[in-house]
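Asks: Mind having a look at this structure? Questions to follow.
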Amino acid sequence: MFPEGRQILIIDEPREARHVRSVLRTIGQQVSITSTASAALDLAARADFDMALVGIGLAGDGPGGLLSRLRSTARIPSILILARHERARDAIRALARGADDYLLKPLDRLEVRSRIGRILRWQDLDDRVLSVQKEMSRKYLVGNLVCRSQGMRKVRAQIMQVASARSTVLIRGHSGVGKELVAKAIHYNSVRRDAPFIAINCSAIPVTLIESELFGHERGSFTGAYERQKGKFELADGGTIFLDEIGEMNLESQAKLLRVLEEREFMRVGGGREVRVDVRVLAATNSDLESMIARRRFREDLYFRLKVIIINVPPLRERVDDIPEMARVFLEQICRDNVLPQKRLTGKALAALQRYHWPGNVRELKNVLESTAITRSREVIRTADLPAAVLEDGPLGSVETRPNTTTTLREMERDLLMRVLYQHHGNRTHAARVLRIGVRTMQRKIREYGIHVPYDPRAGRPGRSLQRSTSTPIPGRSPEGMM
């Protein structure tokens, strides 16, 4: 659709300007005319214009010329030069001094419509992109992070320290703590904020496709590669790429990622030419990479290249002071997105949320609030409105006050895996969905802890190998959740 009704300033000799005005009005534009440089600068300072058309005789040369002064002081997105055919060379030279395009007189209506329409459509696109970028930058300002707890205040301070750097950052934390939010805060508070932020979950991509996803492929490089495709690194050029679940990347892809980090270049799958990129890499994991290195499942050289800066995001159970503010923000967003009246939690409901151990961390908190807000009609959410699982969980207390003070975090995680697998008859997909982790992460942890889960169709439950060697019952809810 051709953009009409724009404000265009014509700066030219009166007779020439009137002819240009008549042409512009036939294509639906609003036009103002002035014939001197001083009047043009005064008008541009008092009003907003989408475009200026400047006669070559008034454009001037050098920093003191009208063209240069309009470009440096006025808020006019695009400036075009007007010239007759005999001065076409002068119009072309004006492009080097800041003009966006030129039109030759006498004006042809179709050419004017084509050139001006193209520039105005580009401006609309740029405005939309800029609007989205500004909104994203505002949303992920460091000051918007909920940081009432000491742990998150430390995270916020680290974000402010590293945002302006180019260094690689490794973000560590349990599943659902908000590692991607931290990565976005780093990107949108950096000088790269106007360039792309691209996130990729390494555990959600089949091993056979992860290299193509990261680095792209050439036409015909494998079955189904019908055309050249850029990878995520190329698409993120100038910006930031966020590699979530980095521990799930296979060793071959790890080697190629290491080369990108060191050389800033790579080859597409099936390609023969190096592609250079300027990309900042942020990585995240909830895995014990040191343990994976010992088992030769993660490259030590890549690990040291990634851990230039480490940010540890605490689990929600260690930042209960953040829950009231997070709950308020989440409820406002949920009600706005679902066109619901604004809702609030009672003090007792908030206290119940702070007592719960949140194995799914921030993601689980948001899901609980969304479910409660949508299914409860009252504007005040009371304790009884919360899910039974939240209410059944007792006070957290300290580790020292719990029944088994010798249980380690790894043992708690293993117990929780076993219990959920038992509840779902050994179905890894269902168990992973309940724990809010990827199936590949579930399979890796099963191997890591040596848990065998053969399905026993006759008994309707997993085989004996799922049970502990002591034949003790599967323990109840783990207060620690997934790591």
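In the structure tokens, chains take letters A, B, ... by order of appearance, with residues numbered from 1 within each chain and ligands from 1 in the order shown.
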Write out as a PDB file with N, CA, C and O atoms, in the first residue's frame each polymer residue whose atoms come within 8 Å of Lys343 (chain A), counting only C-alpha atoms; drop sequence neighbours fewer than 5 positions from it.

Replies:
ATOM      1  N   LEU A 331       1.141 -11.623  37.740  1.00  0.00           N
ATOM      2  CA  LEU A 331      -0.319 -11.503  37.715  1.00  0.00           C
ATOM      3  C   LEU A 331      -0.762 -10.361  36.802  1.00  0.00           C
ATOM      4  O   LEU A 331      -1.747 -10.497  36.060  1.00  0.00           O
ATOM      5  N   GLU A 332      -0.059  -9.247  36.841  1.00  0.00           N
ATOM      6  CA  GLU A 332      -0.402  -8.135  35.948  1.00  0.00           C
ATOM      7  C   GLU A 332      -0.281  -8.557  34.496  1.00  0.00           C
ATOM      8  O   GLU A 332      -1.156  -8.267  33.674  1.00  0.00           O
ATOM      9  N   CYS A 335      -3.078 -11.276  33.570  1.00  0.00           N
ATOM     10  CA  CYS A 335      -4.412 -10.675  33.436  1.00  0.00           C
ATOM     11  C   CYS A 335      -4.503  -9.809  32.179  1.00  0.00           C
ATOM     12  O   CYS A 335      -5.527  -9.808  31.487  1.00  0.00           O
ATOM     13  N   ALA A 373      -5.195 -17.741  38.221  1.00  0.00           N
ATOM     14  CA  ALA A 373      -5.863 -16.511  37.787  1.00  0.00           C
ATOM     15  C   ALA A 373      -6.972 -16.794  36.779  1.00  0.00           C
ATOM     16  O   ALA A 373      -8.028 -16.144  36.797  1.00  0.00           O
ATOM     17  N   ARG A 378     -12.769 -14.777  41.249  1.00  0.00           N
ATOM     18  CA  ARG A 378     -12.620 -13.652  42.178  1.00  0.00           C
ATOM     19  C   ARG A 378     -11.365 -12.845  41.860  1.00  0.00           C
ATOM     20  O   ARG A 378     -10.373 -13.374  41.362  1.00  0.00           O
ATOM     21  N   GLU A 379     -11.427 -11.556  42.188  1.00  0.00           N
ATOM     22  CA  GLU A 379     -10.278 -10.690  41.953  1.00  0.00           C
ATOM     23  C   GLU A 379      -9.227 -10.837  43.039  1.00  0.00           C
ATOM     24  O   GLU A 379      -8.090 -10.424  42.860  1.00  0.00           O
ATOM     25  N   VAL A 380      -9.606 -11.437  44.167  1.00  0.00           N
ATOM     26  CA  VAL A 380      -8.656 -11.685  45.251  1.00  0.00           C
ATOM     27  C   VAL A 380      -8.379 -13.185  45.309  1.00  0.00           C
ATOM     28  O   VAL A 380      -9.301 -13.993  45.448  1.00  0.00           O
ATOM     29  N   ILE A 381      -7.118 -13.559  45.174  1.00  0.00           N
ATOM     30  CA  ILE A 381      -6.719 -14.974  45.200  1.00  0.00           C
ATOM     31  C   ILE A 381      -6.340 -15.334  46.631  1.00  0.00           C
ATOM     32  O   ILE A 381      -5.413 -14.756  47.217  1.00  0.00           O
TER      33      ILE A 381
END

Asks: Would you kindly return, as an MDAnalysis selection string, each protein, DNA or RNA residue with an atom no farther than 12 Å from any atom of Leu214 (chain A), considering only C-alpha atoms and excluding same-chain residues fewer than 6 positions away?

Replies: chainID A and resid 198:202 205 207:208 229:236 241:243 249 253:254 256:257 260 266:269

Asks: Save the residues we just selected, N, CA and C atoms, as a PDB file, in the first residue's frame?

Replies:
ATOM      1  N   ILE A 198      19.575 -14.039  19.380  1.00  0.00           N
ATOM      2  CA  ILE A 198      19.037 -15.313  18.903  1.00  0.00           C
ATOM      3  C   ILE A 198      19.318 -16.388  19.944  1.00  0.00           C
ATOM      4  N   ALA A 199      18.261 -17.047  20.400  1.00  0.00           N
ATOM      5  CA  ALA A 199      18.385 -18.112  21.395  1.00  0.00           C
ATOM      6  C   ALA A 199      18.152 -19.460  20.733  1.00  0.00           C
ATOM      7  N   ILE A 200      18.946 -20.445  21.124  1.00  0.00           N
ATOM      8  CA  ILE A 200      18.790 -21.790  20.587  1.00  0.00           C
ATOM      9  C   ILE A 200      18.951 -22.784  21.734  1.00  0.00           C
ATOM     10  N   ASN A 201      18.004 -23.703  21.849  1.00  0.00           N
ATOM     11  CA  ASN A 201      18.042 -24.729  22.892  1.00  0.00           C
ATOM     12  C   ASN A 201      18.712 -25.971  22.327  1.00  0.00           C
ATOM     13  N   CYS A 202      19.926 -26.227  22.760  1.00  0.00           N
ATOM     14  CA  CYS A 202      20.702 -27.336  22.195  1.00  0.00           C
ATOM     15  C   CYS A 202      20.069 -28.693  22.486  1.00  0.00           C
ATOM     16  N   ILE A 205      17.199 -29.881  19.756  1.00  0.00           N
ATOM     17  CA  ILE A 205      17.549 -30.116  18.349  1.00  0.00           C
ATOM     18  C   ILE A 205      18.213 -31.480  18.229  1.00  0.00           C
ATOM     19  N   VAL A 207      20.701 -34.382  17.339  1.00  0.00           N
ATOM     20  CA  VAL A 207      22.156 -34.299  17.178  1.00  0.00           C
ATOM     21  C   VAL A 207      22.541 -34.153  15.717  1.00  0.00           C
ATOM     22  N   THR A 208      21.802 -34.821  14.828  1.00  0.00           N
ATOM     23  CA  THR A 208      22.134 -34.800  13.404  1.00  0.00           C
ATOM     24  C   THR A 208      21.874 -33.443  12.763  1.00  0.00           C
ATOM     25  N   GLN A 229      21.033 -22.250   3.343  1.00  0.00           N
ATOM     26  CA  GLN A 229      20.351 -21.703   4.514  1.00  0.00           C
ATOM     27  C   GLN A 229      21.378 -21.187   5.510  1.00  0.00           C
ATOM     28  N   LYS A 230      21.174 -19.973   5.972  1.00  0.00           N
ATOM     29  CA  LYS A 230      22.056 -19.408   6.984  1.00  0.00           C
ATOM     30  C   LYS A 230      21.767 -20.051   8.335  1.00  0.00           C
ATOM     31  N   GLY A 231      22.826 -20.226   9.119  1.00  0.00           N
ATOM     32  CA  GLY A 231      22.669 -20.751  10.465  1.00  0.00           C
ATOM     33  C   GLY A 231      22.465 -19.641  11.471  1.00  0.00           C
ATOM     34  N   LYS A 232      22.272 -20.029  12.717  1.00  0.00           N
ATOM     35  CA  LYS A 232      21.986 -19.055  13.767  1.00  0.00           C
ATOM     36  C   LYS A 232      23.148 -18.092  13.985  1.00  0.00           C
ATOM     37  N   PHE A 233      24.386 -18.566  13.794  1.00  0.00           N
ATOM     38  CA  PHE A 233      25.518 -17.674  13.983  1.00  0.00           C
ATOM     39  C   PHE A 233      25.521 -16.558  12.940  1.00  0.00           C
ATOM     40  N   GLU A 234      25.204 -16.882  11.698  1.00  0.00           N
ATOM     41  CA  GLU A 234      25.142 -15.835  10.663  1.00  0.00           C
ATOM     42  C   GLU A 234      24.003 -14.869  10.936  1.00  0.00           C
ATOM     43  N   LEU A 235      22.856 -15.403  11.354  1.00  0.00           N
ATOM     44  CA  LEU A 235      21.703 -14.552  11.611  1.00  0.00           C
ATOM     45  C   LEU A 235      21.949 -13.615  12.792  1.00  0.00           C
ATOM     46  N   ALA A 236      22.825 -14.026  13.701  1.00  0.00           N
ATOM     47  CA  ALA A 236      23.106 -13.210  14.888  1.00  0.00           C
ATOM     48  C   ALA A 236      24.284 -12.272  14.679  1.00  0.00           C
ATOM     49  N   ILE A 241      24.296 -14.508  20.450  1.00  0.00           N
ATOM     50  CA  ILE A 241      23.653 -15.811  20.346  1.00  0.00           C
ATOM     51  C   ILE A 241      23.678 -16.455  21.726  1.00  0.00           C
ATOM     52  N   PHE A 242      22.546 -17.013  22.124  1.00  0.00           N
ATOM     53  CA  PHE A 242      22.397 -17.629  23.435  1.00  0.00           C
ATOM     54  C   PHE A 242      22.217 -19.127  23.242  1.00  0.00           C
ATOM     55  N   LEU A 243      23.181 -19.908  23.725  1.00  0.00           N
ATOM     56  CA  LEU A 243      23.156 -21.363  23.588  1.00  0.00           C
ATOM     57  C   LEU A 243      22.707 -21.960  24.916  1.00  0.00           C
ATOM     58  N   MET A 249      25.136 -30.558  23.781  1.00  0.00           N
ATOM     59  CA  MET A 249      25.743 -30.543  22.453  1.00  0.00           C
ATOM     60  C   MET A 249      26.717 -31.712  22.305  1.00  0.00           C
ATOM     61  N   SER A 253      30.113 -31.221  17.439  1.00  0.00           N
ATOM     62  CA  SER A 253      29.640 -29.835  17.366  1.00  0.00           C
ATOM     63  C   SER A 253      30.381 -28.949  18.367  1.00  0.00           C
ATOM     64  N   GLN A 254      30.753 -29.522  19.522  1.00  0.00           N
ATOM     65  CA  GLN A 254      31.532 -28.757  20.498  1.00  0.00           C
ATOM     66  C   GLN A 254      32.852 -28.296  19.898  1.00  0.00           C
ATOM     67  N   LYS A 256      33.528 -27.675  16.753  1.00  0.00           N
ATOM     68  CA  LYS A 256      33.296 -26.597  15.790  1.00  0.00           C
ATOM     69  C   LYS A 256      32.919 -25.305  16.501  1.00  0.00           C
ATOM     70  N   LEU A 257      32.183 -25.410  17.605  1.00  0.00           N
ATOM     71  CA  LEU A 257      31.849 -24.220  18.382  1.00  0.00           C
ATOM     72  C   LEU A 257      33.116 -23.604  18.964  1.00  0.00           C
ATOM     73  N   VAL A 260      34.758 -21.480  16.398  1.00  0.00           N
ATOM     74  CA  VAL A 260      34.060 -20.209  16.196  1.00  0.00           C
ATOM     75  C   VAL A 260      34.430 -19.222  17.300  1.00  0.00           C
ATOM     76  N   PHE A 266      33.617 -19.887  10.512  1.00  0.00           N
ATOM     77  CA  PHE A 266      33.178 -21.274  10.384  1.00  0.00           C
ATOM     78  C   PHE A 266      32.821 -21.535   8.927  1.00  0.00           C
ATOM     79  N   MET A 267      32.527 -22.781   8.632  1.00  0.00           N
ATOM     80  CA  MET A 267      32.043 -23.153   7.302  1.00  0.00           C
ATOM     81  C   MET A 267      30.658 -23.766   7.437  1.00  0.00           C
ATOM     82  N   ARG A 268      29.769 -23.422   6.500  1.00  0.00           N
ATOM     83  CA  ARG A 268      28.462 -24.064   6.474  1.00  0.00           C
ATOM     84  C   ARG A 268      28.631 -25.552   6.166  1.00  0.00           C
ATOM     85  N   VAL A 269      27.642 -26.344   6.552  1.00  0.00           N
ATOM     86  CA  VAL A 269      27.661 -27.768   6.225  1.00  0.00           C
ATOM     87  C   VAL A 269      27.662 -27.915   4.702  1.00  0.00           C
TER      88      VAL A 269
END

Asks: DSSP on the backbone, then: every residue of region 213-346 of chain A marked strand (DSSP E), written as number ranges by chain.

Replies: A: 240-244, 265-267, 274-276, 280-285, 309-312, 344-345

Asks: Fewer than 3 positions away in the same chain doesn't count, so skip those; otherwise give me all residues within 7 Å of Leu82 (chain A), counting only C-alpha atoms, as number ranges by chain.

Replies: A: 53-56, 102-105

Asks: Export, as a PDB file, in the first residue's frame, the selected residues with C-alpha atoms.

Replies:
ATOM      1  CA  LEU A  53      13.189  17.780  -1.038  1.00  0.00           C
ATOM      2  CA  VAL A  54      16.066  20.253  -1.512  1.00  0.00           C
ATOM      3  CA  GLY A  55      16.861  22.097  -4.731  1.00  0.00           C
ATOM      4  CA  ILE A  56      20.459  21.525  -5.815  1.00  0.00           C
ATOM      5  CA  TYR A 102      17.616  12.527  -6.013  1.00  0.00           C
ATOM      6  CA  LEU A 103      14.853  13.393  -8.489  1.00  0.00           C
ATOM      7  CA  LEU A 104      15.383  15.001 -11.875  1.00  0.00           C
ATOM      8  CA  LYS A 105      13.179  17.827 -13.171  1.00  0.00           C
TER       9      LYS A 105
END

Asks: State, in Å with one decimal place, the distance from CA of Val439 (chain A) to CA of Pro206 (chain A).

Replies: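 Separating CA of Val439 (chain A) from CA of Pro206 (chain A) is a distance of 11.4 Å.
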
Asks: What's the 9 Å shell around Leu391 (chain A), counting only C-alpha atoms, without same-chain residues fewer than 5 positions away, as a list in words?

Replies: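 Within the cut-off, the hits are Ala352, Leu353, Arg355, Tyr356, Thr383, Ala384 and Leu386 of chain A.
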
Asks: By how many Å are CA of Pro77 (chain A) and CA of Pro106 (chain A) apart?

Replies: 24.4 Å

Asks: Using only C-alpha atoms, which residues sit within 10 Å of Gln150 (chain A) once same-chain residues fewer than 4 positions away are excluded, as a JSON list (two decimals) with N, CA, C and O atoms, in the first residue's frame?

Replies:
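So part.json came out as:
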[["chain", "number", "residue", "atom", "x", "y", "z"],
["A", 154, "LYS", "N", 23.22, -9.86, 43.59],
["A", 154, "LYS", "CA", 24.55, -10.19, 43.08],
["A", 154, "LYS", "C", 24.50, -10.45, 41.58],
["A", 154, "LYS", "O", 25.37, -10.00, 40.82],
["A", 155, "VAL", "N", 23.44, -11.17, 41.11],
["A", 155, "VAL", "CA", 23.29, -11.44, 39.68],
["A", 155, "VAL", "C", 23.14, -10.13, 38.91],
["A", 155, "VAL", "O", 23.76, -9.93, 37.86],
["A", 156, "ARG", "N", 22.33, -9.22, 39.43],
["A", 156, "ARG", "CA", 22.14, -7.93, 38.75],
["A", 156, "ARG", "C", 23.45, -7.15, 38.66],
["A", 156, "ARG", "O", 23.77, -6.57, 37.62],
["A", 314, "PRO", "N", 20.50, -18.21, 41.34],
["A", 314, "PRO", "CA", 20.00, -19.07, 42.44],
["A", 314, "PRO", "C", 18.61, -19.61, 42.16],
["A", 314, "PRO", "O", 17.81, -18.97, 41.47],
["A", 318, "GLU", "N", 15.78, -20.24, 47.14],
["A", 318, "GLU", "CA", 16.79, -19.46, 47.85],
["A", 318, "GLU", "C", 16.58, -17.96, 47.69],
["A", 318, "GLU", "O", 17.41, -17.16, 48.14],
["A", 319, "ARG", "N", 15.48, -17.57, 47.05],
["A", 319, "ARG", "CA", 15.19, -16.15, 46.85],
["A", 319, "ARG", "C", 13.72, -15.87, 47.12],
["A", 319, "ARG", "O", 13.04, -15.21, 46.35],
["A", 321, "ASP", "N", 12.42, -13.90, 49.07],
["A", 321, "ASP", "CA", 12.12, -12.47, 49.20],
["A", 321, "ASP", "C", 11.67, -11.86, 47.88],
["A", 321, "ASP", "O", 11.03, -10.80, 47.86],
["A", 322, "ASP", "N", 12.01, -12.52, 46.76],
["A", 322, "ASP", "CA", 11.62, -12.01, 45.44],
["A", 322, "ASP", "C", 10.19, -12.40, 45.06],
["A", 322, "ASP", "O", 9.61, -11.81, 44.14]]

Asks: Name the residues of region 183-385 of chain A that fall into alpha helix (DSSP H) according to DSSP on the backbone, using the chain letters and numbers of this document, as a VMD selection string.

Replies: chain A and resid 183 to 188 207 to 215 232 to 235 251 to 263 289 to 294 300 to 306 323 to 337 347 to 355 361 to 375

Asks: Kindly give the distance, in Å, that separates CA of Glu448 (chain A) and CA of Arg296 (chain A), rounded to a single decimal.

Replies: 12.5 Å

Asks: Near Leu316 (chain A), counting only C-alpha atoms, which residues have an atom at most 7 Å away, once you skip same-chain residues fewer than 6 positions from it, shown as a tab-separated table (two decimals) with N, CA, C and O atoms, in the first residue's frame?

Replies:
chain	number	residue	atom	x	y	z
A	177	VAL	N	15.03	-21.30	36.29
A	177	VAL	CA	15.38	-20.17	37.17
A	177	VAL	C	15.40	-18.85	36.42
A	177	VAL	O	15.45	-17.79	37.04
A	358	TRP	N	9.27	-25.02	45.26
A	358	TRP	CA	9.40	-24.65	43.84
A	358	TRP	C	10.46	-25.45	43.08
A	358	TRP	O	11.46	-24.90	42.63
A	361	ASN	N	11.01	-23.89	39.86
A	361	ASN	CA	11.55	-22.53	39.95
A	361	ASN	C	10.59	-21.48	39.39
A	361	ASN	O	9.38	-21.61	39.52
A	362	VAL	N	11.14	-20.43	38.74
A	362	VAL	CA	10.33	-19.29	38.30
A	362	VAL	C	9.28	-19.72	37.29
A	362	VAL	O	8.15	-19.24	37.30

Asks: Given only C-alpha atoms as the basis, pick out the residue of A:Gly239, A:Gly178, A:Gly247, A:Gly271 nearest to Phe215 (chain A).

Replies: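 Under the stated criterion, the closest residue is A:Gly271.
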